[in-house]
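Undergrad: Let me give you the structure first, and then I'll get to my questions.
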Amino acid sequence: MTILAPAGRAQKAPIEIVADLTDAPRKLYHAEVDLPVSAGPLALTTPKWIPGNHRPTGPVDDITGVVFTIDGKPIAWRRDDVDLYEFHVTIPKGVTTLHAHLDCIVTARVSHKMAVLEWEKLLLYPAHTPVRDIPIQPSLKVPSGWGIGTALSPVNTSGSYPIPSAGSTTQFAVTNVEQLEDSPVITGEYFHEFALAPTITPKHYIDVVSDEPSDSNLRPAMLAEVSNLVREADALYGSHHYNVYHFLLTLSDVAGGEGLEHGQSSDNGVGEKGFSDPSHQLPESDLLSHEFTHSWNGKYRRPVGLYEPDFATIQEGALLWVYEGMTQYLGNVLAARSGLKSQAQYRDMLAMSAAGLDNRPGREWRSTEDTAEAASILRGGNPAWSNWKRGQDYYQEGELLWLDADTLIRKMTNNKKSLDDFEKIFLGKGGNTGPLIVTYTFDELVQDLNQVVAYDWATFLHDRVDKINPRADLAGIEQGGYKLVYKDEPNDSERTMARSGMRRGGGVDCWYSIGLRIGADGNIADVRWNGPADKARLAPGEKVLAVNGQVFMPELLRDAIKGAKGTTEPIHLIVQSDTYVSSAEIDYHDGERFPVLERLEGTPATLDEITKPLTTPEKVAEKPQHGDDY
Ligand SMILES: [Zn+2]
C-alpha cells in the first residue's frame with residue numbers, strides 16, 4: 001500500500017492560471033498562464049491520460065493559439081518529436097517568469113447557457129515532474145451573471161458556497177496540478193446550489209446548471225433522495241476522503257451526457273429533462289450514487305496500475321472490475337437505499353443487466369479481466385458485433401461478482417456480516433482524510449475480504465474474473481432469493497423506459513428472441529452472435545425494409561415474432577445492405593423474451609434486505625403527474 005502525499009511539498013512559487021470562460025457560448029476557452037522558470041531548456045506539457053477516463057483523452061488536438069512570451073515578447077517553441085503533448089522552449093538567463101497563452105476548442109460539456117471546465121483543457125506545466133509536486137493558483141472568469149459550482153476553495157469569499165458571481169475574476173486557493181485536474185467547475189446562467197443532508201459533515205452540495213431556466217431548480221423529492229444518498233453513503237462507508245463534496249450536474253440536450261468521478265466532486269451530465277420526473281430519472285437513477293461512490297472507490301483507493309504520478313504515463317486497466325465493477329454494484333445499491341429508484345426497479349434493472357451478460361457470446365473467448373485490461377481500446381469503439389467482441393463488461397460483470405460476494409458473506413456469517421463490513425475496512429483505511437490516493441493490489445483485496453470472513457477469496461475472484469466463463473455469474477441473484485427468467489412481456493422498468501423513448505431510440509427489443517437490436521427506422525444496430533438473426537445471415541448496419549410482406553414498422557416485427565410462436569413458418573424479411581436488397585428467413589418459434597427476476601419461493605429475499613435503507617429516509621411526496629405521455 002502506497003500512501004501518496006496530498007499536496008505539493010516542494011517550496012516553489014505556484015504556477016498562476018487564469019481560465020477565461022467568457023467565450024464559452026462560442027465553445028472557446030482561453031487561458032493565461034504564468035510559470036515560474038529558471039534559465040535553460042524547459043519542457044512543458046498538457047495532460048494525456050486523464051484519470052477516470054481510462055484512456056488517453058487529453059485534448060491536445062483541440063489546444064490552439066499557443067504563444068509563449070517573456071516580458072511581452074514572443075519566444076520560439078518546438079513540439080516534442082515523440083511526445084506530441086510536450087512543448088520545448090529555452091529560457092534566457094535572468095528570466096524567472098514565462099507567460100503562456102492558449103485556447104481550447106471545446107466540443108462537449110458546453111452550451112449557450114452553461115459550461116463545464118475540466119482543467120486539462122487549459123493546463124500547461126513542467127513535464128517529467130510528479131503533478132502533485134507542482135503548486136498552482138487557479139483563477140476563473142465566467143460570463144457576467146453566471147453562477148459557479150466547484151469543490152475548489154474560493155479565497156476571496158471566505159471559502160463559502162455558493163461562490164458569489166461578481167462578474168470579475170474568482171480566485172481559488174493554491175492547490176497542485178494533480179488536485180486541480182481533479183476539481184472541475186460548472187458555470188451557467190441558470191444556476192442553483194442546494195446544501196444536502198445538513199446533519200452530515202463535511203458539507204455536501206449539489207450545483208446545477210441547465211439550458212432552460214426552470215430545470216436547474218430541482219424537484220424537492222429528488223433533492224430529498226440525494227440527501228438520503230449522502231446519509232446512506234455515510235452509513236455504508238463510515239469514512240470520507242474529501243473536505244467538501246459537490247455533485248456538479250448539467251441538464252442539457254446540447255452539452256451531452258457525462259459521469260466523471262473526482263475526489264471532492266463529480267461531473268454529471270444528463271438531458272434537459274433527465275431528472276424532471278421519476279420516469280425520466282429511472283435510466284439516470286444510479287448516476288449520482290455511482291460517481292459519489294468513486295470518491296472512495298477509484299479516487300481514494302486506486303488499483304496500483306491505475307495511478308501514475310504524472311498524466312503522461314499509460315494507466316493500466318487491470319482491476320477495473322473493482323474500480324468500476326464494485327462501484328457499479330454499490331452505486332445501484334445506494335440508489336435503491338436512497339429512493340433514487342425503488343427496490344423493484346433495482347431488481348428490474350439487475351435482470352436486464354444480468355441477461356445482457358448471460359447472452360454475450362464474446363465471453364466464450366475473452367475473460368472479464370481482459371475487458372478491463374483492454375478498457376482503453378474498448379471504450380467508445382465500434383458497436384457492431386459488440387456482443388461477440390465484448391465491451392466494457394467489467395462494470396456489469398463486477399456488479400454481479402460483488403453481489404455474489406455480498407450474498408455469500410451474508411450466507412456464511414448468518415447475516416451477521418456483509419460487504420458493507422468489507423467497504424468499511426477497504427475504503428476506510430486511514431480513517432477520515434482529505435483528498436488522497438491510496439493504491440492497492442489484488443492481494444490487499446483478498447486480505448481485507450478475509451478480515452470479514454475467512455474464505456478462499458483469491459480463488460473466488462480468479463475463477464470469476466480471469467477464467468473464460470461462457471455464462472454470467474448469476475449466483476448472487478440466486479443467493480439473493482431470486483432467479484433470472486424470461487417472460488413474453490418486459491418488466492415495468494423496461495416498459496417505462498421504452499415508452500418514454502429513452503431506450504433504443506424507440507426501436508423493438510428482440511435481443512433475447514430473434515437476436516436483433518433494431519431502431520424504429522429498421523436499422524440494425526447489432527446482431528446476437530449465433531442467434532436466429534445471425535443464422536439468417538443478417539448483419540449490423542443493414543436495414544430491414546419489410547416484415548412478412550409489409551413495409552417495416554416496429555410493431556409489425558413484434559407481431560411477427562409473436563405470430564411465429566409454436567409454428568414452423570419462418571419470419572420473412574426484406575433487408576437492404578448498402579445498395580443491395582435481399583430476403584432473409586428467421587427460423588424462430590419461441591415468441592418474445594424479456595428478462596425479469598422471479599422470486600425463489602421458500603428462500604430469504606436477501607436482495608431486498610441489501611437494498612433497504614440503513615438510515616431513516618427523507619420523503620417528499622411527488623406532485624401528481626398528468627397523463628401518461630412521457
Ligand atoms: Zn465509474
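Chain labels follow the order of the C-alpha cells: the first chain is A, the next B, and so on; residue numbering restarts at 1 in every chain, and ligands are counted from 1 in their shown order.
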Throw together the list of residues within 7 Å of ligand 1, counting only C-alpha atoms and all ligand atoms, and drop it here as a PyMOL selection string.
TA: chain A and resi 260-261+290-291+294+324+327-328
Undergrad: Please list as a list in words every residue within 6 Å of segment 598-614 of chain A, counting only C-alpha atoms and excluding residues in the same chain fewer than 5 positions away.
TA: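 Within the cut-off, the hits are Val333, Ala336, Arg337, Gly480, Gly481, Tyr482 and Lys483 of chain A.
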Undergrad: Would you mind exporting the chosen residues as an mmCIF file, in the first residue's frame, restricted to C-alpha atoms?
TA:
```
data_model
loop_
_atom_site.group_PDB
_atom_site.id
_atom_site.type_symbol
_atom_site.label_atom_id
_atom_site.label_comp_id
_atom_site.auth_asym_id
_atom_site.auth_seq_id
_atom_site.Cartn_x
_atom_site.Cartn_y
_atom_site.Cartn_z
ATOM 1 C CA VAL A 333 -27.473 -0.493 -4.102
ATOM 2 C CA ALA A 336 -32.162 1.897 -4.114
ATOM 3 C CA ARG A 337 -31.382 2.593 -0.439
ATOM 4 C CA GLY A 480 -30.411 -13.138 -3.033
ATOM 5 C CA GLY A 481 -33.637 -15.170 -3.306
ATOM 6 C CA TYR A 482 -34.412 -14.559 -6.994
ATOM 7 C CA LYS A 483 -33.771 -16.150 -10.363
#
```
Undergrad: Which one is closest to Pro126 of chain A: A:Gly431, A:Pro36, A:Gly149, A:Gly94? Count only C-alpha atoms.
TA: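 The answer is A:Pro36, which sits nearest to Pro126 of chain A.
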Undergrad: Can you tell me which residues surround Gly317 of chain A at a distance of at most 7 Å, considering only C-alpha atoms, apart from same-chain residues fewer than 2 positions away, and format the answer as a ChimeraX atom specification?
TA: /A:306,315,319-320,372-375
Undergrad: Taking 4 positions as the minimum chain separation for residues in the same chain, which residues sit within 8 Å of Glu542 of chain A when counting only C-alpha atoms? Answer as a PyMOL selection string.
TA: chain A and resi 523-524+538+575-578
Undergrad: Can you work out which one of A:Leu122, A:Ile425, A:Ala384, A:Ile561 has the shortest atom-to-atom distance to Ile63 of chain A, counting only C-alpha atoms?
TA: A:Leu122
Undergrad: Using only C-alpha atoms, what does the table of segment 177-226 of chain A residues within 9 Å of segment 263-272 of chain A look like, with each row giving the shortest atom pair and its distance in Å to one decimal, sorted by chain and ascending number, as a Markdown table?
TA:
```
| residue | atom | partner | partner_atom | distance |
| --- | --- | --- | --- | --- |
| A:Gln179 | CA | A:Gly263 | CA | 8.6 |
| A:Asp182 | CA | A:Gly263 | CA | 6.8 |
| A:Ser183 | CA | A:Ser265 | CA | 6.9 |
| A:Pro184 | CA | A:Asp267 | CA | 7.3 |
| A:Val185 | CA | A:Asp267 | CA | 8.6 |
| A:Ile186 | CA | A:Asp267 | CA | 8.3 |
| A:Ser210 | CA | A:Glu272 | CA | 6.9 |
| A:Asp211 | CA | A:Glu272 | CA | 7.1 |
| A:Glu212 | CA | A:Glu272 | CA | 7.6 |
| A:Asp215 | CA | A:Glu272 | CA | 7.1 |
```
Undergrad: Using only C-alpha atoms, which residues sit within 10 Å of Trp146 of chain A once same-chain residues fewer than 5 positions away are excluded, as an MDAnalysis selection string?
TA: chainID A and resid 22 113:115 141 164:167 186:191 209
Undergrad: Taking only C-alpha atoms into account, name the residue in A:Val322, A:Val596, A:Ile314, A:Leu400 that is nearest to Leu445 of chain A.
TA: A:Val322
